[in-house]
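Read through the structure below, which is laid out as structure tokens, and then see the notes.
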Amino acid sequence: MLAGALVVTAGVAGLTGVAVAEHGPMIHVMHGMPGHGDIMASDPAAMAAHLDKMIDAMVPDATPDQKARLLAIAKSVHADFGAAHTQFGQAHKRVHDILLQPVVDRTALEALRVEQMHQMDMVSKRIVTALADAAEVMTPEQRVRFGEKMQMHMK
């Protein structure tokens, strides 16, 4: 039962654009690798179309109202994660800068670690909220089918 719930939870995260999509890991988008991800990251219409396609693929029997609500959730999370990704990139640069100093400032590194753990906690909370929101939009039967599809992507 718990494993099934985790699969559904991971699957609903896919609707938010932060999990594995049908065309490959979203990590490629976040790290600027060539391909459609770069365009979608800078083109809200392209990202909306991609998220809509993901929703259609993962919940094909969703009603128009469900699709609209799931798309709104996905767009919101995608926007939030864009800001979080920028912050993580800035932190990466700060670590780099600290480590290149003549004397490594361990206190600064620890402060940065604590800050990043707080940021990860905020991201985690946002994911859980989006998961619950998306799960409430779908029927129990849709969540089961969705979970089955996500399980195939996780293999």
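In the structure tokens, the first chain shown is A, the next is B, and so on; residue numbers restart at 1 for each chain, and ligands run from 1 in the order shown.
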Exercise. Leaving out Ile98 of chain A and any residue of its chain fewer than 6 positions from it, which residues lie within 9 Å of it when counting only C-alpha atoms, given as a list in words?
Worked result: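 In the requested format, the answer is Val104, Asp105, Arg106, Ala108 and Leu109 of chain A.
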For this session: Mind giving me the straight-line distance from atom CA of Lys53 of chain A to atom CA of Ala74 of chain A in Å, one decimal?
Result: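 Straight-line distance from atom CA of Lys53 of chain A to atom CA of Ala74 of chain A works out to 11.7 Å.
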Exercise. Which distance in Å separates atom CA of Gln142 of chain A and atom CA of Asp121 of chain A, to one decimal?
Worked result: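 Value for the atom CA of Gln142 of chain A-atom CA of Asp121 of chain A distance: 28.8 Å.
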